[in-house]
Structures are given as structure tokens and as C-alpha cells.
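Asker: I am attaching a structure below and will ask some questions about it afterwards.
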Amino acid sequence: MRQRISVILPAWNEAERIGETLRAIREGELRHAEVIVVDDGSDDRTAEAAAEWADRVIRHERNIGKGAALETGWRSAEGVVLLFLDADLGPSARHAARLLAPIERGEADMVVAVLPAPRKKGGFGLARGMASRGIYWLSGYRPTAPLSGQRAVKKCVLERIGGLAPGFGIEVSLTIDAVRHGFRIAEVEVPFRHRETGRDWQGFCHRGRQLVHIGRTLIRKWQEPAW
């Protein structure tokens with residue numbers, strides 16, 4: 001029998017996409033899972049669009065970042081296995097249950113999705129490269145998808161490590177903490193598709209912020225004692 005699953009989606013101004021994503025979850029293998037959307041201070045109709053499909057919509061009064069939104073979500077979740085998904089996956093969210101298999105077989109404590117290659121050119125791999133090297137230097141683990149936000153994790157992992165890092169450093173911090181505490185990580189190819197940023201001003205600004213957050217996270221983890 002499948003353990004109680006909680007699907008948690010952080011969302012900021014995703015009114016156009018989140019309904020499609022949630023519908024795909026509800027119509028797939030996770031139709032009986034608890035679904036929590038954390039609206040991180042959106043100024044559009046994200047919360048209203050999510051309410052049709054989600055069990056709960058939790059609203060932040062202002063935008064405080066992805067990590068904080070996920071922290072709010074998992075702290076209120078009832079499931080023993082948590083599934084973190086981005087709000088813009090659209091129809092591809094129907095594949096989310098694939099992340100659960102290694103946990104259900106007893107092979108992993110956290111499972112990270114490896115996504116297909118992007119359809120258009122994005123950045124130059126700086127954020128990904130920094131994240132990958134930083135995770136290896138600080139934990140000894142070589143990730144294939146160091147920045148993937150699509151992941152399943154046992155709630156006991158988060159309870160043990162004490163929570164999630166703020167901002168875009170969440171994935172890097174979570175991976176390092178999980179390895180340092182002796183938890184097992186698996187990576188699984190999943191055909192997720194989400195909104196891609198291109199080589200335009202908006203895309204470069206997004207990746208610039210990402211680089212800053214990753215750098216801060218790595219410095220903080222370097223200063224912490226390894227478990």
C-alpha cells in the first residue's frame with residue numbers, strides 16, 4: 001500500500017499555468033495525494049486558480065522566496081513522503097509519480113528528477129556548474145541534476161536536517177544536508193517540461209539571482225561543520 005503522499009507546489013504569479021499543472025496531478029496516479037499550494041505573495045489570480053484543484057492553498061502576504069514557500073508547505077503537510085513540484089509543469093506533471101518508485105522500493109530517501117534537455121538555449125551553465133562542483137566538494141556526492149526542484153523526499157529527512165534553505169539555494173542545500181546526514185539519494189529521468197528562460201534580459205537576470213543564492217548557500221555550508 002502506498003504511503004501517504006503530500007504534493008507541495010510553491011507558486012508566484014502562476015495563474016496562467018498552475019491550473020493545468022494541478023489538473024495533470026489530479027488526473028494521474030497521484031489523484032489521492034494531499035495537494036498543497038503555497039502562493040508566495042502573488043499579485044495575480046494564482047490562489048484562485050489553484051483553489052479549484054488543491055486541498056489547501058496557503059498564502060504568504062508578500063513574496064519571500066521559493067525556499068520559504070516550500071518550508072511553509074512541508075511544515076503543514078500530513079504525508080510521510082513529500083513531493084516538491086514546480087507550478088509551471090503543465091501536462092507533464094502527470095509523470096510525477098515516477099519519483100516515488102525508488103522510495104517505495106526502499107532504495108532511496110530522496111529522489112531527484114533529471115529533466116530532458118531544454119528545447120532552446122538558456123544560460124551558459126554557470127549556475128549548474130557551480131552547484132554541481134559545490135555539492136561534490138562539500139559532500140562527496142556527484143549530482144546529475146544539482147538544480148532540479150522536482151524531487152520526492154521522506155518527511156523524516158527534513159525533520160532530521162532541520163528544514164530548508166531560503167531562495168534559489170534550496171536544492172543545493174538540501175542535497176548537501178541529506179548526504180551529510182547519511183541519507184540515500186537517487187536520480188530518475190522524468191519527462192517534465194516547464195517554462196524555460198532564454199538568452200534575454202529576463203533570463204540573464206533570473207540566472208544572475210540564482211548564482212548569487214547558490215554562492216551564498218555554498219559559503220554557508222562550507223562554514224558549517226560536516227556531520
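Residues in the C-alpha cells are named by chain (A, B, ... in the order shown) and by number from 1 within that chain; ligands are numbered from 1 in the order shown.
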So which residues touch stretch 70-82 of chain A within 9 Å, counting only C-alpha atoms, skipping near sequence neighbours fewer than 3 positions away, as a PyMOL selection string?

Answerer: chain A and resi 3-10+33-38+58+65-67+100+103+151-156+158+163-166

Asker: Just want the 7 Å neighbourhood of A:Ala87, counted on only C-alpha atoms, with same-chain residues fewer than 3 positions away dropped. Output as an MDAnalysis selection string.

Answerer: chainID A and resid 9:11 14 17:18 21

Asker: Give me, as JSON lines, the closest atom pair and its distance (Å, one decimal) for every residue of stretch 56-165 of chain A within a cut-off of 9 Å of stretch 24-30 of chain A, counting only C-alpha atoms, rows sorted by chain and rising number.

Answerer:
{"residue": "A:Gly90", "atom": "CA", "partner": "A:Ala24", "partner_atom": "CA", "distance": 7.0}
{"residue": "A:Pro91", "atom": "CA", "partner": "A:Ala24", "partner_atom": "CA", "distance": 5.3}
{"residue": "A:Ser92", "atom": "CA", "partner": "A:Ala24", "partner_atom": "CA", "distance": 7.2}
{"residue": "A:Ala93", "atom": "CA", "partner": "A:Ala24", "partner_atom": "CA", "distance": 5.6}
{"residue": "A:Arg94", "atom": "CA", "partner": "A:Ala24", "partner_atom": "CA", "distance": 4.9}
{"residue": "A:His95", "atom": "CA", "partner": "A:Gly28", "partner_atom": "CA", "distance": 7.7}
{"residue": "A:Ala96", "atom": "CA", "partner": "A:Ile25", "partner_atom": "CA", "distance": 7.5}
{"residue": "A:Ala97", "atom": "CA", "partner": "A:Glu29", "partner_atom": "CA", "distance": 6.3}

Asker: Go ahead and save the picked residues with N, CA and C atoms, as an mmCIF file, in the first residue's frame.

Answerer:
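Below is the file that was written, part11.cif:
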data_model
loop_
_atom_site.group_PDB
_atom_site.id
_atom_site.type_symbol
_atom_site.label_atom_id
_atom_site.label_comp_id
_atom_site.auth_asym_id
_atom_site.auth_seq_id
_atom_site.Cartn_x
_atom_site.Cartn_y
_atom_site.Cartn_z
ATOM 1 N N GLY A 90 2.728 22.098 -16.129
ATOM 2 C CA GLY A 90 1.648 21.843 -17.070
ATOM 3 C C GLY A 90 1.303 20.372 -17.181
ATOM 4 N N PRO A 91 0.921 19.891 -18.359
ATOM 5 C CA PRO A 91 0.518 18.488 -18.537
ATOM 6 C C PRO A 91 1.590 17.480 -18.140
ATOM 7 N N SER A 92 2.874 17.871 -18.201
ATOM 8 C CA SER A 92 3.945 16.924 -17.873
ATOM 9 C C SER A 92 3.945 16.536 -16.397
ATOM 10 N N ALA A 93 3.181 17.241 -15.566
ATOM 11 C CA ALA A 93 3.096 16.896 -14.143
ATOM 12 C C ALA A 93 2.487 15.518 -13.926
ATOM 13 N N ARG A 94 1.848 14.973 -14.941
ATOM 14 C CA ARG A 94 1.248 13.638 -14.805
ATOM 15 C C ARG A 94 2.298 12.556 -14.597
ATOM 16 N N HIS A 95 3.557 12.869 -14.864
ATOM 17 C CA HIS A 95 4.641 11.893 -14.702
ATOM 18 C C HIS A 95 5.225 11.907 -13.296
ATOM 19 N N ALA A 96 4.699 12.728 -12.409
ATOM 20 C CA ALA A 96 5.329 12.951 -11.105
ATOM 21 C C ALA A 96 5.474 11.692 -10.265
ATOM 22 N N ALA A 97 4.566 10.751 -10.408
ATOM 23 C CA ALA A 97 4.614 9.531 -9.585
ATOM 24 C C ALA A 97 5.880 8.711 -9.823
#

Asker: Pick the closest to A:Val111 from A:Phe192, A:Trp12, A:Phe84, A:Tyr141: which is it, counting only C-alpha atoms?

Answerer: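 Nearest candidate to A:Val111 out of A:Phe192, A:Trp12, A:Phe84, A:Tyr141: A:Phe84.
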
Asker: Quick check, in Å to one decimal: how far apart do atom CA of A:Gly149 and atom CA of A:Asp86 lie?

Answerer: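 Interatomic distance here is 6.9 Å.
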
Asker: Just the residues within 8 Å of A:Ala131, please, counting only C-alpha atoms, with nothing from its chain fewer than 4 positions along; format it as a list in words.

Answerer: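 Listing them by chain and then by number gives Ala127, Ile135, Pro146, Leu147, Val172 and Ile214 of chain A.
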
Asker: Convert the current residue selection to file output with N, CA and C atoms, as a PDB file, in the first residue's frame.

Answerer:
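This went into part.pdb:
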ATOM      1  N   ALA A 127      25.509  28.517 -13.321  1.00  0.00           N
ATOM      2  CA  ALA A 127      24.822  28.154 -12.079  1.00  0.00           C
ATOM      3  C   ALA A 127      24.875  26.649 -11.854  1.00  0.00           C
ATOM      4  N   ILE A 135      28.407  21.000  -4.506  1.00  0.00           N
ATOM      5  CA  ILE A 135      27.833  19.824  -3.833  1.00  0.00           C
ATOM      6  C   ILE A 135      28.898  18.739  -3.669  1.00  0.00           C
ATOM      7  N   PRO A 146      21.852  18.972 -10.289  1.00  0.00           N
ATOM      8  CA  PRO A 146      22.024  19.647  -8.995  1.00  0.00           C
ATOM      9  C   PRO A 146      20.967  20.702  -8.687  1.00  0.00           C
ATOM     10  N   LEU A 147      20.315  21.243  -9.723  1.00  0.00           N
ATOM     11  CA  LEU A 147      19.361  22.325  -9.507  1.00  0.00           C
ATOM     12  C   LEU A 147      17.916  21.905  -9.722  1.00  0.00           C
ATOM     13  N   VAL A 172      20.488  22.963  -3.653  1.00  0.00           N
ATOM     14  CA  VAL A 172      21.889  22.706  -3.309  1.00  0.00           C
ATOM     15  C   VAL A 172      22.026  22.385  -1.823  1.00  0.00           C
ATOM     16  N   ILE A 214      23.036  30.582  -4.910  1.00  0.00           N
ATOM     17  CA  ILE A 214      23.830  29.355  -4.824  1.00  0.00           C
ATOM     18  C   ILE A 214      25.160  29.640  -4.139  1.00  0.00           C
TER      19      ILE A 214
END

Asker: Please determine, counting only C-alpha atoms, which residue among A:Val190, A:Met130, A:Ala47, A:Ala178 has the shortest atom-to-atom distance to A:His60.

Answerer: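 Residue with the minimum atom-to-atom distance to A:His60: A:Ala47.
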
Asker: For the helix (DSSP H, G or I) assignment from backbone DSSP, which residues of stretch 4-211 of chain A qualify? Please present them as a ChimeraX atom specification.

Answerer: /A:18-26,46-51,66-75,90-104,126-139,155-161,167-180,201-211

Asker: Here is a test: counting only C-alpha atoms, which residue of A:Ala15, A:Leu89, A:Ala68, A:Val212 is nearest to A:Glu52?

Answerer: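 The closest residue to A:Glu52 is A:Ala15.
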
Asker: Pick out the closest residue to A:Arg98 from this set: A:Asp40, A:Glu189, A:Ile219, A:Arg45. Count only C-alpha atoms.

Answerer: A:Glu189

Asker: Nearest to A:Ala117: which of A:Trp137, A:Ala50, A:Ala145, A:Thr175 is it, counting only C-alpha atoms?

Answerer: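 Answer, going by the shortest atom-to-atom distance: A:Ala145.
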